file input-v2.pdb (PDB, C-alpha atoms and all ligand atoms)
ATOM      1  CA  MET A   3       0.000   0.000   0.000
ATOM      2  CA  ASP A   4       1.229   3.467  -0.802
ATOM      3  CA  VAL A   5       1.069   5.177   2.580
ATOM      4  CA  SER A   6       2.738   8.361   1.380
ATOM      5  CA  ALA A   7      -0.393   9.605  -0.398
ATOM      6  CA  SER A   8      -2.540   9.463   2.747
ATOM      7  CA  ALA A   9       0.144  10.519   5.221
ATOM      8  CA  LYS A  10      -0.311  13.939   6.752
ATOM      9  CA  PRO A  11       2.578  16.369   6.321
ATOM     10  CA  ALA A  12       5.130  16.008   9.110
ATOM     11  CA  ALA A  13       4.681  18.478  11.986
ATOM     12  CA  GLN A  14       7.229  21.269  11.714
ATOM     13  CA  PRO A  15       8.347  22.078  15.241
ATOM     14  CA  PHE A  16       9.960  25.403  14.514
ATOM     15  CA  ALA A  17       8.224  27.239  11.694
ATOM     16  CA  SER A  18       9.883  30.622  11.993
ATOM     17  CA  GLY A  19       7.675  33.197  13.721
ATOM     18  CA  MET A  20       5.272  30.491  14.945
ATOM     19  CA  LEU A  21       4.359  32.535  18.043
ATOM     20  CA  LYS A  22       3.450  35.733  16.204
ATOM     21  CA  GLY A  23       0.290  37.140  17.821
ATOM     22  CA  ARG A  24       0.808  35.117  21.026
ATOM     23  CA  VAL A  25       1.466  36.756  24.391
ATOM     24  CA  ALA A  26       3.793  35.206  26.959
ATOM     25  CA  VAL A  27       3.987  35.998  30.678
ATOM     26  CA  MET A  28       7.487  35.097  31.807
ATOM     27  CA  THR A  29       8.155  35.210  35.558
ATOM     28  CA  GLY A  30      11.700  35.829  36.784
ATOM     29  CA  SER A  31      12.940  36.906  33.373
ATOM     30  CA  THR A  32      15.378  39.693  34.209
ATOM     31  CA  SER A  33      18.252  37.214  34.468
ATOM     32  CA  GLY A  34      19.479  33.680  33.773
ATOM     33  CA  ILE A  35      17.164  30.968  32.451
ATOM     34  CA  GLY A  36      14.080  33.231  32.409
ATOM     35  CA  LEU A  37      15.838  35.750  30.210
ATOM     36  CA  GLY A  38      16.965  32.929  27.885
ATOM     37  CA  ILE A  39      13.372  31.710  27.553
ATOM     38  CA  ALA A  40      12.016  35.246  27.043
ATOM     39  CA  ALA A  41      14.522  35.752  24.229
ATOM     40  CA  ALA A  42      13.611  32.411  22.612
ATOM     41  CA  LEU A  43       9.863  33.161  22.693
ATOM     42  CA  ALA A  44      10.401  36.708  21.392
ATOM     43  CA  ALA A  45      12.568  35.265  18.599
ATOM     44  CA  GLN A  46       9.525  33.205  17.558
ATOM     45  CA  GLY A  47       7.387  36.359  17.430
ATOM     46  CA  ALA A  48       5.704  36.325  20.860
ATOM     47  CA  ASP A  49       5.007  39.546  22.721
ATOM     48  CA  VAL A  50       6.403  39.115  26.230
ATOM     49  CA  LEU A  51       5.668  40.475  29.683
ATOM     50  CA  LEU A  52       8.959  40.403  31.584
ATOM     51  CA  ASN A  53       8.991  40.102  35.369
ATOM     52  CA  GLY A  54      11.683  40.036  38.024
ATOM     53  CA  PHE A  55      13.935  42.233  40.072
ATOM     54  CA  GLY A  56      16.826  44.382  38.915
ATOM     55  CA  ASP A  57      18.048  47.835  38.056
ATOM     56  CA  PRO A  58      15.212  49.684  36.252
ATOM     57  CA  THR A  59      17.609  51.129  33.650
ATOM     58  CA  GLU A  60      18.960  47.665  32.858
ATOM     59  CA  ILE A  61      15.410  46.250  32.620
ATOM     60  CA  ASP A  62      14.452  49.065  30.204
ATOM     61  CA  ARG A  63      17.534  48.245  28.147
ATOM     62  CA  LEU A  64      16.525  44.559  28.048
ATOM     63  CA  ARG A  65      13.014  45.455  26.943
ATOM     64  CA  SER A  66      14.144  47.625  24.075
ATOM     65  CA  SER A  67      16.915  45.291  22.927
ATOM     66  CA  LEU A  68      14.510  42.303  22.704
ATOM     67  CA  ALA A  69      11.793  44.433  21.076
ATOM     68  CA  ASP A  70      14.240  45.839  18.494
ATOM     69  CA  ALA A  71      15.873  42.488  17.770
ATOM     70  CA  HIS A  72      12.614  40.623  17.141
ATOM     71  CA  GLY A  73      10.017  43.258  16.242
ATOM     72  CA  VAL A  74       7.798  42.286  19.187
ATOM     73  CA  ARG A  75       6.238  44.170  22.097
ATOM     74  CA  LEU A  76       7.794  43.912  25.553
ATOM     75  CA  SER A  77       6.025  44.872  28.746
ATOM     76  CA  TYR A  78       7.268  44.634  32.341
ATOM     77  CA  SER A  79       5.748  43.841  35.729
ATOM     78  CA  ALA A  80       7.696  44.273  38.974
ATOM     79  CA  ALA A  81       5.279  41.903  40.769
ATOM     80  CA  ASP A  82       6.900  40.096  43.688
ATOM     81  CA  MET A  83       6.240  36.361  43.264
ATOM     82  CA  ALA A  84       6.188  36.032  47.055
ATOM     83  CA  LYS A  85       2.962  38.090  47.096
ATOM     84  CA  PRO A  86      -0.165  36.392  45.680
ATOM     85  CA  GLU A  87      -2.023  39.707  45.324
ATOM     86  CA  GLU A  88       0.765  41.043  43.074
ATOM     87  CA  ILE A  89       0.638  37.870  40.935
ATOM     88  CA  ASP A  90      -3.128  38.315  40.615
ATOM     89  CA  GLY A  91      -2.456  41.852  39.332
ATOM     90  CA  MET A  92       0.269  40.800  36.866
ATOM     91  CA  ILE A  93      -2.031  38.657  34.693
ATOM     92  CA  PRO A  94      -4.620  41.380  33.926
ATOM     93  CA  GLN A  95      -1.723  43.780  33.375
ATOM     94  CA  ALA A  96      -0.340  41.468  30.657
ATOM     95  CA  ALA A  97      -3.774  41.213  29.038
ATOM     96  CA  ASN A  98      -4.155  44.976  29.247
ATOM     97  CA  ASP A  99      -0.675  45.820  27.912
ATOM     98  CA  LEU A 100      -0.397  43.114  25.259
ATOM     99  CA  GLY A 101      -3.931  41.865  24.534
ATOM    100  CA  SER A 102      -4.116  38.372  26.078
ATOM    101  CA  VAL A 103      -2.141  35.696  27.888
ATOM    102  CA  ASP A 104      -1.459  32.603  25.754
ATOM    103  CA  ILE A 105       1.748  31.322  27.339
ATOM    104  CA  LEU A 106       2.728  31.309  31.003
ATOM    105  CA  VAL A 107       6.238  30.356  32.060
ATOM    106  CA  ASN A 108       6.660  29.977  35.821
ATOM    107  CA  ASN A 109      10.376  30.436  36.247
ATOM    108  CA  ALA A 110      11.075  32.773  39.184
ATOM    109  CA  GLY A 111      12.954  30.894  41.842
ATOM    110  CA  ILE A 112      15.321  31.247  44.768
ATOM    111  CA  GLN A 113      17.615  28.863  46.618
ATOM    112  CA  HIS A 114      18.899  28.451  50.172
ATOM    113  CA  THR A 115      21.481  25.840  51.088
ATOM    114  CA  ALA A 116      21.734  24.507  54.653
ATOM    115  CA  LEU A 117      21.187  21.266  56.535
ATOM    116  CA  VAL A 118      17.465  20.733  57.120
ATOM    117  CA  ARG A 119      17.785  21.320  60.862
ATOM    118  CA  GLU A 120      19.391  24.701  60.181
ATOM    119  CA  VAL A 121      16.853  26.066  57.677
ATOM    120  CA  PRO A 122      15.087  29.108  59.172
ATOM    121  CA  LEU A 123      11.285  28.879  58.842
ATOM    122  CA  GLU A 124      11.306  32.264  57.097
ATOM    123  CA  ARG A 125      13.613  30.902  54.311
ATOM    124  CA  TRP A 126      11.511  27.712  53.988
ATOM    125  CA  ASN A 127       8.360  29.816  53.580
ATOM    126  CA  ALA A 128      10.007  32.155  51.050
ATOM    127  CA  ILE A 129      11.264  29.260  48.894
ATOM    128  CA  LEU A 130       7.869  27.533  48.939
ATOM    129  CA  ALA A 131       6.127  30.836  48.157
ATOM    130  CA  ILE A 132       8.302  31.876  45.194
ATOM    131  CA  ASN A 133       9.138  28.445  43.711
ATOM    132  CA  LEU A 134       5.758  26.726  44.183
ATOM    133  CA  THR A 135       2.839  28.848  45.423
ATOM    134  CA  ALA A 136       3.550  31.583  42.849
ATOM    135  CA  ALA A 137       3.172  29.011  40.040
ATOM    136  CA  PHE A 138      -0.167  27.890  41.493
ATOM    137  CA  CYS A 139      -1.402  31.500  41.750
ATOM    138  CA  ALA A 140      -0.353  32.411  38.205
ATOM    139  CA  ILE A 141      -1.803  29.194  36.732
ATOM    140  CA  ARG A 142      -5.097  29.736  38.552
ATOM    141  CA  ALA A 143      -5.267  33.259  37.140
ATOM    142  CA  VAL A 144      -4.500  32.338  33.491
ATOM    143  CA  LEU A 145      -6.344  29.046  32.963
ATOM    144  CA  PRO A 146      -9.854  30.503  32.453
ATOM    145  CA  ARG A 147      -8.481  32.893  29.797
ATOM    146  CA  MET A 148      -6.587  30.125  28.000
ATOM    147  CA  GLU A 149      -9.474  27.687  28.163
ATOM    148  CA  SER A 150     -11.938  30.209  26.760
ATOM    149  CA  ARG A 151      -9.566  30.895  23.828
ATOM    150  CA  GLY A 152      -9.013  27.145  23.248
ATOM    151  CA  TRP A 153      -5.221  27.370  23.304
ATOM    152  CA  GLY A 154      -2.578  27.794  25.953
ATOM    153  CA  ARG A 155       0.843  26.709  27.115
ATOM    154  CA  VAL A 156       1.910  26.531  30.749
ATOM    155  CA  ILE A 157       5.571  25.736  31.298
ATOM    156  CA  ASN A 158       6.919  25.306  34.802
ATOM    157  CA  ILE A 159      10.652  25.540  35.333
ATOM    158  CA  ALA A 160      11.283  22.838  37.925
ATOM    159  CA  SER A 161      14.742  21.272  38.282
ATOM    160  CA  THR A 162      16.524  17.950  38.484
ATOM    161  CA  HIS A 163      15.711  18.625  42.133
ATOM    162  CA  GLY A 164      12.072  18.011  41.221
ATOM    163  CA  LEU A 165      13.100  14.436  40.324
ATOM    164  CA  VAL A 166      15.884  13.591  42.757
ATOM    165  CA  ALA A 167      17.279  15.107  45.955
ATOM    166  CA  SER A 168      20.553  16.504  47.206
ATOM    167  CA  THR A 169      21.565  17.338  50.749
ATOM    168  CA  HIS A 170      21.331  20.939  52.019
ATOM    169  CA  LYS A 171      18.346  21.797  49.777
ATOM    170  CA  ALA A 172      15.283  20.654  51.737
ATOM    171  CA  ALA A 173      12.996  23.569  50.889
ATOM    172  CA  TYR A 174      14.088  23.777  47.258
ATOM    173  CA  VAL A 175      13.737  20.014  46.660
ATOM    174  CA  ALA A 176      10.329  19.992  48.364
ATOM    175  CA  ALA A 177       9.165  22.961  46.278
ATOM    176  CA  LYS A 178      10.428  21.530  42.972
ATOM    177  CA  HIS A 179       8.861  18.100  43.647
ATOM    178  CA  GLY A 180       5.666  20.045  44.345
ATOM    179  CA  VAL A 181       5.983  21.863  41.018
ATOM    180  CA  LEU A 182       6.014  18.512  39.201
ATOM    181  CA  GLY A 183       2.887  17.396  41.077
ATOM    182  CA  LEU A 184       1.143  20.650  40.210
ATOM    183  CA  THR A 185       2.215  20.257  36.561
ATOM    184  CA  LYS A 186       0.627  16.800  36.322
ATOM    185  CA  VAL A 187      -2.675  17.872  37.884
ATOM    186  CA  VAL A 188      -3.014  20.910  35.608
ATOM    187  CA  ALA A 189      -2.153  18.765  32.577
ATOM    188  CA  LEU A 190      -4.846  16.239  33.510
ATOM    189  CA  GLU A 191      -7.486  18.865  34.224
ATOM    190  CA  MET A 192      -6.772  20.443  30.805
ATOM    191  CA  ALA A 193      -6.268  17.142  28.935
ATOM    192  CA  THR A 194      -9.232  17.534  26.575
ATOM    193  CA  THR A 195      -8.531  21.209  25.842
ATOM    194  CA  GLY A 196      -5.943  23.041  23.762
ATOM    195  CA  VAL A 197      -4.087  24.000  26.932
ATOM    196  CA  THR A 198      -0.982  21.974  27.821
ATOM    197  CA  CYS A 199       1.105  22.075  30.978
ATOM    198  CA  ASN A 200       4.627  20.680  31.238
ATOM    199  CA  ALA A 201       7.762  21.097  33.314
ATOM    200  CA  ILE A 202      11.387  21.534  32.325
ATOM    201  CA  CYS A 203      13.934  20.111  34.747
ATOM    202  CA  PRO A 204      17.323  21.738  34.189
ATOM    203  CA  GLY A 205      20.498  20.365  35.720
ATOM    204  CA  TRP A 206      23.285  22.889  36.281
ATOM    205  CA  VAL A 207      22.946  26.043  34.187
ATOM    206  CA  LEU A 208      25.518  28.780  34.840
ATOM    207  CA  THR A 209      23.364  31.667  36.087
ATOM    208  CA  PRO A 210      23.679  34.071  39.050
ATOM    209  CA  LEU A 211      21.764  31.522  41.189
ATOM    210  CA  VAL A 212      24.409  28.853  40.533
ATOM    211  CA  GLN A 213      27.371  31.269  40.572
ATOM    212  CA  LYS A 214      26.482  32.014  44.194
ATOM    213  CA  GLN A 215      26.720  28.296  45.023
ATOM    214  CA  ILE A 216      30.105  28.109  43.262
ATOM    215  CA  ASP A 217      31.328  31.129  45.245
ATOM    216  CA  ASP A 218      30.105  29.503  48.486
ATOM    217  CA  ILE A 219      32.000  26.257  47.729
ATOM    218  CA  ALA A 220      35.158  28.206  46.849
ATOM    219  CA  ALA A 221      34.966  30.242  50.077
ATOM    220  CA  ARG A 222      34.081  27.244  52.280
ATOM    221  CA  GLU A 223      36.814  24.982  50.897
ATOM    222  CA  GLY A 224      39.466  27.609  50.154
ATOM    223  CA  ILE A 225      39.666  26.622  46.463
ATOM    224  CA  SER A 226      39.581  28.671  43.248
ATOM    225  CA  GLY A 227      36.376  29.510  41.372
ATOM    226  CA  ASP A 228      37.433  27.186  38.529
ATOM    227  CA  ALA A 229      38.040  24.308  40.948
ATOM    228  CA  ALA A 230      34.699  24.932  42.659
ATOM    229  CA  ARG A 231      32.927  24.958  39.289
ATOM    230  CA  ALA A 232      34.591  21.655  38.288
ATOM    231  CA  ARG A 233      33.613  20.177  41.677
ATOM    232  CA  LEU A 234      29.974  21.211  41.239
ATOM    233  CA  LEU A 235      29.718  19.673  37.758
ATOM    234  CA  GLY A 236      31.753  16.576  38.625
ATOM    235  CA  GLU A 237      29.501  15.670  41.555
ATOM    236  CA  LYS A 238      26.264  15.607  39.541
ATOM    237  CA  GLN A 239      26.378  16.326  35.816
ATOM    238  CA  PRO A 240      28.048  13.566  33.728
ATOM    239  CA  SER A 241      28.456  15.831  30.677
ATOM    240  CA  LEU A 242      30.774  17.975  32.853
ATOM    241  CA  GLU A 243      29.335  21.025  31.082
ATOM    242  CA  PHE A 244      26.645  23.507  31.994
ATOM    243  CA  ALA A 245      23.415  23.545  30.003
ATOM    244  CA  THR A 246      22.694  27.057  28.687
ATOM    245  CA  PRO A 247      19.710  29.405  29.052
ATOM    246  CA  GLU A 248      19.485  29.331  25.231
ATOM    247  CA  GLN A 249      19.027  25.537  25.269
ATOM    248  CA  ILE A 250      16.299  25.789  27.911
ATOM    249  CA  GLY A 251      14.710  28.577  25.834
ATOM    250  CA  ALA A 252      14.725  26.401  22.710
ATOM    251  CA  LEU A 253      12.934  23.591  24.569
ATOM    252  CA  ALA A 254      10.343  26.048  25.930
ATOM    253  CA  ALA A 255       9.724  27.316  22.387
ATOM    254  CA  PHE A 256       9.297  23.721  21.193
ATOM    255  CA  LEU A 257       6.715  23.107  23.956
ATOM    256  CA  CYS A 258       4.768  26.058  22.533
ATOM    257  CA  SER A 259       4.685  24.511  19.056
ATOM    258  CA  ASP A 260       1.875  22.438  17.544
ATOM    259  CA  ALA A 261       4.280  19.482  17.410
ATOM    260  CA  ALA A 262       4.214  19.458  21.220
ATOM    261  CA  ALA A 263       0.412  19.535  21.545
ATOM    262  CA  HIS A 264       0.323  15.998  22.960
ATOM    263  CA  ILE A 265       3.141  16.436  25.423
ATOM    264  CA  ARG A 266       1.148  16.841  28.621
ATOM    265  CA  GLY A 267       2.213  16.593  32.237
ATOM    266  CA  ALA A 268       5.799  15.743  31.276
ATOM    267  CA  ALA A 269       8.944  16.505  33.265
ATOM    268  CA  LEU A 270      11.642  17.053  30.640
ATOM    269  CA  ALA A 271      15.199  16.814  31.971
ATOM    270  CA  VAL A 272      17.947  18.969  30.437
ATOM    271  CA  ASP A 273      20.668  17.793  32.768
ATOM    272  CA  GLY A 274      23.663  16.341  30.927
ATOM    273  CA  GLY A 275      22.745  12.869  32.203
ATOM    274  CA  TRP A 276      22.345  13.789  35.918
ATOM    275  CA  THR A 277      19.091  11.861  36.387
ATOM    276  CA  ALA A 278      20.134   8.967  34.112
ATOM    277  CA  GLN A 279      22.484   7.732  36.842
TER     278      GLN A 279
HETATM  279  P1  LIG A 301      18.513  33.665  38.495
HETATM  280  O1  LIG A 301      18.799  34.025  39.909
HETATM  281  O2  LIG A 301      19.502  33.995  37.434
HETATM  282  O3  LIG A 301      17.111  34.288  38.049
HETATM  283  C1  LIG A 301      16.006  34.265  38.892
HETATM  284  C2  LIG A 301      14.988  35.235  38.362
HETATM  285  O4  LIG A 301      13.886  35.233  39.262
HETATM  286  C3  LIG A 301      15.494  36.685  38.306
HETATM  287  O5  LIG A 301      14.912  37.342  37.206
HETATM  288  C4  LIG A 301      14.971  37.271  39.617
HETATM  289  O6  LIG A 301      14.827  38.691  39.581
HETATM  290  C5  LIG A 301      13.643  36.569  39.692
HETATM  291  N1  LIG A 301      13.079  36.545  41.033
HETATM  292  C6  LIG A 301      13.635  36.099  42.175
HETATM  293  N2  LIG A 301      12.789  36.284  43.199
HETATM  294  C7  LIG A 301      11.671  36.854  42.687
HETATM  295  C8  LIG A 301      10.438  37.290  43.223
HETATM  296  N3  LIG A 301      10.188  37.195  44.537
HETATM  297  N4  LIG A 301       9.536  37.850  42.402
HETATM  298  C9  LIG A 301       9.784  37.993  41.078
HETATM  299  N5  LIG A 301      10.932  37.584  40.499
HETATM  300  C10 LIG A 301      11.857  37.037  41.310
HETATM  301  O7  LIG A 301      18.206  32.102  38.555
HETATM  302  P2  LIG A 301      18.150  30.986  37.424
HETATM  303  O8  LIG A 301      19.259  30.045  37.691
HETATM  304  O9  LIG A 301      17.982  31.557  36.082
HETATM  305  O10 LIG A 301      16.817  30.219  37.880
HETATM  306  C11 LIG A 301      15.603  30.335  37.205
HETATM  307  C12 LIG A 301      14.750  29.124  37.531
HETATM  308  O11 LIG A 301      15.422  27.950  37.080
HETATM  309  C13 LIG A 301      14.499  28.937  39.027
HETATM  310  O12 LIG A 301      13.183  28.474  39.241
HETATM  311  C14 LIG A 301      15.501  27.849  39.397
HETATM  312  O13 LIG A 301      15.083  27.116  40.514
HETATM  313  C15 LIG A 301      15.489  27.022  38.134
HETATM  314  N6  LIG A 301      16.665  26.180  37.957
HETATM  315  C16 LIG A 301      17.905  26.723  37.802
HETATM  316  C17 LIG A 301      18.987  25.868  37.621
HETATM  317  C18 LIG A 301      20.389  26.382  37.407
HETATM  318  O14 LIG A 301      21.321  25.566  37.360
HETATM  319  N7  LIG A 301      20.597  27.679  37.229
HETATM  320  C19 LIG A 301      18.820  24.486  37.638
HETATM  321  C20 LIG A 301      17.528  23.983  37.812
HETATM  322  C21 LIG A 301      16.465  24.836  37.970
END
call {"tool": "encode", "arguments": {"input": "input-v2.pdb", "output": "structure tokens"}}
result
Amino acid sequence: MDVSASAKPAAQPFASGMLKGRVAVMTGSTSGIGLGIAAALAAQGADVLLNGFGDPTEIDRLRSSLADAHGVRLSYSAADMAKPEEIDGMIPQAANDLGSVDILVNNAGIQHTALVREVPLERWNAILAINLTAAFCAIRAVLPRMESRGWGRVINIASTHGLVASTHKAAYVAAKHGVLGLTKVVALEMATTGVTCNAICPGWVLTPLVQKQIDDIAAREGISGDAARARLLGEKQPSLEFATPEQIGALAAFLCSDAAAHIRGAALAVDGGWTAQ
């Protein structure tokens, strides 16, 4: 039988400009992985609401450089992801500034390293609030809009620490495991709609969040920054290289494509083999 005549054309994951007319809300996008994802979505034509802390002049510069490079609109919200009422305000702001919310990337996150018995309750609460509760609040606010439009993409930036544990990261590991649980429930509740929800689980990516951990190792052990960096990678990441914000951004863009419409509730590791061990 000639199957070629009846076969549908292959899905093209990255038709250039595939996100033209879509609006993305990107939490924690003034730095690191969030900025890499914002750039990748803008490169595909999405208008983007940036969020996160930083120097206002530098944030303005980021906005105009992404807008100029990709011919898209960039908006900004200073909403603190530790404050549910500010998250509730960020979603209507995106719709007001840019017209809708089609894509939500929950990326803002913080870390605190200490033995579990030494974690202050205030740090535990802050990590749970920013890494987990903020994602819940933002998802709850966007789902009705996405469902009524019949299309949406929710991408939660979890971590290898959503899949496996390490010492000294009790709150972070608990929050990231929670993010994967939340991802699965949202995916199931939206399973018959055009709204998908997935998680990306990066291993080590060299960002300010990880640089601080490298600096801490160097200071604690009296070794150079290079030695501390090699130690960090050697302990966990078999590739012995950092993944990049651009690679995480490319995967997020793929999850927004039609080719990814049936990827639902997945936890996609980008970890140089960390969780294959
Ligand atoms: P980063 O420190 O470079 O960026 C964090 C971003 O979140 C910044 O834009 C910051 O301003 C913002 N942010 C922090 N607290 C906020 C708050 N209360 N409200 C609003 N924005 C806030 O960190 P990163 O390494 O790019 O991490 C981004 C995400 O990726 C986090 O969720 C982190 O857990 C996850 N992650 C990072 C790695 C890694 O190796 N870098 C690995 C796995 C997962």
call {"tool": "residues_near_ligand", "arguments": {"input": "input-v2.pdb", "ligand": "ligand LIG 301 (chain A)", "cutoff": "7 Å", "atoms": "only C-alpha atoms and all ligand atoms", "output": "number ranges by chain"}}
result
A: 29-36, 53-56, 80-84, 109-113, 132-133, 159-162, 203-212
call {"tool": "atom_distance", "arguments": {"input": "input-v2.pdb", "atom1": "CA of Asp90 in chain A", "atom2": "CA of Ala268 in chain A"}}
result
26.0 Å
call {"tool": "resolve_selection", "arguments": {"input": "input-v2.pdb", "expression": "the PyMOL selection byres (((chain A and resi 27) around 6) and not hetatm)", "output": "list in words"}}
result
Ala26, Met28, Val50, Leu51 and Leu106 of chain A
call {"tool": "axis_aligned_box", "arguments": {"input": "input-v2.pdb", "around": "range 113-116 of chain A", "padding_each_side": "4 Å", "output": "AutoDock Vina command-line options"}}
result
--center_x 19.7 --center_y 26.7 --center_z 50.6 --size_x 12.1 --size_y 12.4 --size_z 16.0
call {"tool": "resolve_selection", "arguments": {"input": "input-v2.pdb", "expression": "the PyMOL selection byres (((chain A and resi 69-71) around 12) and not hetatm)", "output": "list in words"}}
result
Ala40, Ala41, Ala42, Leu43, Ala44, Ala45, Gln46, Gly47, Ala48, Asp49, Val50, Leu51, Leu52, Asp62, Arg63, Leu64, Arg65, Ser66, Ser67, Leu68, His72, Gly73, Val74, Arg75, Leu76 and Ser77 of chain A
call {"tool": "atom_distance", "arguments": {"input": "input-v2.pdb", "atom1": "CA of Leu270 in chain A", "atom2": "CA of Lys186 in chain A"}}
result
12.4 Å
call {"tool": "resolve_selection", "arguments": {"input": "input-v2.pdb", "expression": "the PyMOL selection byres (((chain A and resi 145-148) around 10) and not hetatm)", "output": "PyMOL selection string"}}
result
chain A and resi 93+97+102-106+140-144+149-156+188+192+195-198
call {"tool": "closest_residue", "arguments": {"input": "input-v2.pdb", "among": "A:Lys214, A:Phe138, A:Ser241, A:Ser226", "to": "Thr277 in chain A", "atoms": "all atoms listed in the file"}}
result
A:Ser241
call {"tool": "atom_distance", "arguments": {"input": "input-v2.pdb", "atom1": "CA of Ala201 in chain A", "atom2": "CA of Val181 in chain A"}}
result
7.9 Å
call {"tool": "residues_around", "arguments": {"input": "input-v2.pdb", "residues": "Ile129 in chain A", "least_positions_apart": "3", "cutoff": "10 Å", "atoms": "all atoms listed in the file", "output": "JSON, numbers by chain"}}
result
{"A": [84, 111, 112, 113, 114, 123, 124, 125, 126, 132, 133, 134, 135, 172, 173, 174, 175, 176, 177, 178]}
call {"tool": "write_last_selection", "arguments": {"input": "input-v2.pdb", "atoms": "C-alpha atoms", "output": "tab-separated table (two decimals), in the frame of the given file"}}
result
chain	number	residue	atom	x	y	z
A	84	ALA	CA	6.19	36.03	47.06
A	111	GLY	CA	12.95	30.89	41.84
A	112	ILE	CA	15.32	31.25	44.77
A	113	GLN	CA	17.61	28.86	46.62
A	114	HIS	CA	18.90	28.45	50.17
A	123	LEU	CA	11.28	28.88	58.84
A	124	GLU	CA	11.31	32.26	57.10
A	125	ARG	CA	13.61	30.90	54.31
A	126	TRP	CA	11.51	27.71	53.99
A	132	ILE	CA	8.30	31.88	45.19
A	133	ASN	CA	9.14	28.44	43.71
A	134	LEU	CA	5.76	26.73	44.18
A	135	THR	CA	2.84	28.85	45.42
A	172	ALA	CA	15.28	20.65	51.74
A	173	ALA	CA	13.00	23.57	50.89
A	174	TYR	CA	14.09	23.78	47.26
A	175	VAL	CA	13.74	20.01	46.66
A	176	ALA	CA	10.33	19.99	48.36
A	177	ALA	CA	9.16	22.96	46.28
A	178	LYS	CA	10.43	21.53	42.97
call {"tool": "closest_residue", "arguments": {"input": "input-v2.pdb", "among": "A:Ala193, A:Ile216, A:Ala116, A:Ala278", "to": "Lys171 in chain A", "atoms": "only C-alpha atoms"}}
result
A:Ala116
call {"tool": "closest_residue", "arguments": {"input": "input-v2.pdb", "among": "A:Ser79, A:Ala189, A:Asn127, A:Val272", "to": "Gly91 in chain A", "atoms": "all atoms listed in the file"}}
result
A:Ser79
call {"tool": "closest_residue", "arguments": {"input": "input-v2.pdb", "among": "A:Gln213, A:Ala128, A:Ile157, A:Ala261", "to": "Leu234 in chain A", "atoms": "all atoms listed in the file"}}
result
A:Gln213
call {"tool": "build_atoms", "arguments": {"input": "input-v2.pdb", "residues": "range 205-215 of chain A", "atoms": "N, CA, C and O atoms", "output": "PDB file, in the frame of the given file"}}
result
ATOM      1  N   GLY A 205      19.396  20.642  34.792  1.00  0.00           N
ATOM      2  CA  GLY A 205      20.498  20.365  35.720  1.00  0.00           C
ATOM      3  C   GLY A 205      21.215  21.681  35.966  1.00  0.00           C
ATOM      4  O   GLY A 205      20.592  22.737  36.047  1.00  0.00           O
ATOM      5  N   TRP A 206      22.544  21.634  36.053  1.00  0.00           N
ATOM      6  CA  TRP A 206      23.285  22.889  36.281  1.00  0.00           C
ATOM      7  C   TRP A 206      23.286  23.768  35.037  1.00  0.00           C
ATOM      8  O   TRP A 206      23.651  23.331  33.948  1.00  0.00           O
ATOM      9  N   VAL A 207      22.868  25.008  35.222  1.00  0.00           N
ATOM     10  CA  VAL A 207      22.946  26.043  34.187  1.00  0.00           C
ATOM     11  C   VAL A 207      23.685  27.200  34.848  1.00  0.00           C
ATOM     12  O   VAL A 207      23.343  27.582  35.977  1.00  0.00           O
ATOM     13  N   LEU A 208      24.700  27.740  34.181  1.00  0.00           N
ATOM     14  CA  LEU A 208      25.518  28.780  34.840  1.00  0.00           C
ATOM     15  C   LEU A 208      24.788  30.118  34.821  1.00  0.00           C
ATOM     16  O   LEU A 208      24.799  30.844  33.831  1.00  0.00           O
ATOM     17  N   THR A 209      24.121  30.424  35.921  1.00  0.00           N
ATOM     18  CA  THR A 209      23.364  31.667  36.087  1.00  0.00           C
ATOM     19  C   THR A 209      23.792  32.282  37.432  1.00  0.00           C
ATOM     20  O   THR A 209      24.501  31.618  38.215  1.00  0.00           O
ATOM     21  N   PRO A 210      23.324  33.492  37.745  1.00  0.00           N
ATOM     22  CA  PRO A 210      23.679  34.071  39.050  1.00  0.00           C
ATOM     23  C   PRO A 210      23.314  33.162  40.227  1.00  0.00           C
ATOM     24  O   PRO A 210      24.045  33.096  41.224  1.00  0.00           O
ATOM     25  N   LEU A 211      22.193  32.414  40.102  1.00  0.00           N
ATOM     26  CA  LEU A 211      21.764  31.522  41.189  1.00  0.00           C
ATOM     27  C   LEU A 211      22.807  30.433  41.461  1.00  0.00           C
ATOM     28  O   LEU A 211      23.079  30.076  42.609  1.00  0.00           O
ATOM     29  N   VAL A 212      23.417  29.917  40.384  1.00  0.00           N
ATOM     30  CA  VAL A 212      24.409  28.853  40.533  1.00  0.00           C
ATOM     31  C   VAL A 212      25.789  29.442  40.842  1.00  0.00           C
ATOM     32  O   VAL A 212      26.566  28.857  41.601  1.00  0.00           O
ATOM     33  N   GLN A 213      26.086  30.621  40.283  1.00  0.00           N
ATOM     34  CA  GLN A 213      27.371  31.269  40.572  1.00  0.00           C
ATOM     35  C   GLN A 213      27.526  31.482  42.083  1.00  0.00           C
ATOM     36  O   GLN A 213      28.610  31.299  42.634  1.00  0.00           O
ATOM     37  N   LYS A 214      26.407  31.800  42.747  1.00  0.00           N
ATOM     38  CA  LYS A 214      26.482  32.014  44.194  1.00  0.00           C
ATOM     39  C   LYS A 214      26.885  30.712  44.896  1.00  0.00           C
ATOM     40  O   LYS A 214      27.679  30.725  45.840  1.00  0.00           O
ATOM     41  N   GLN A 215      26.370  29.577  44.408  1.00  0.00           N
ATOM     42  CA  GLN A 215      26.720  28.296  45.023  1.00  0.00           C
ATOM     43  C   GLN A 215      28.189  27.959  44.773  1.00  0.00           C
ATOM     44  O   GLN A 215      28.865  27.392  45.627  1.00  0.00           O
TER      45      GLN A 215
END
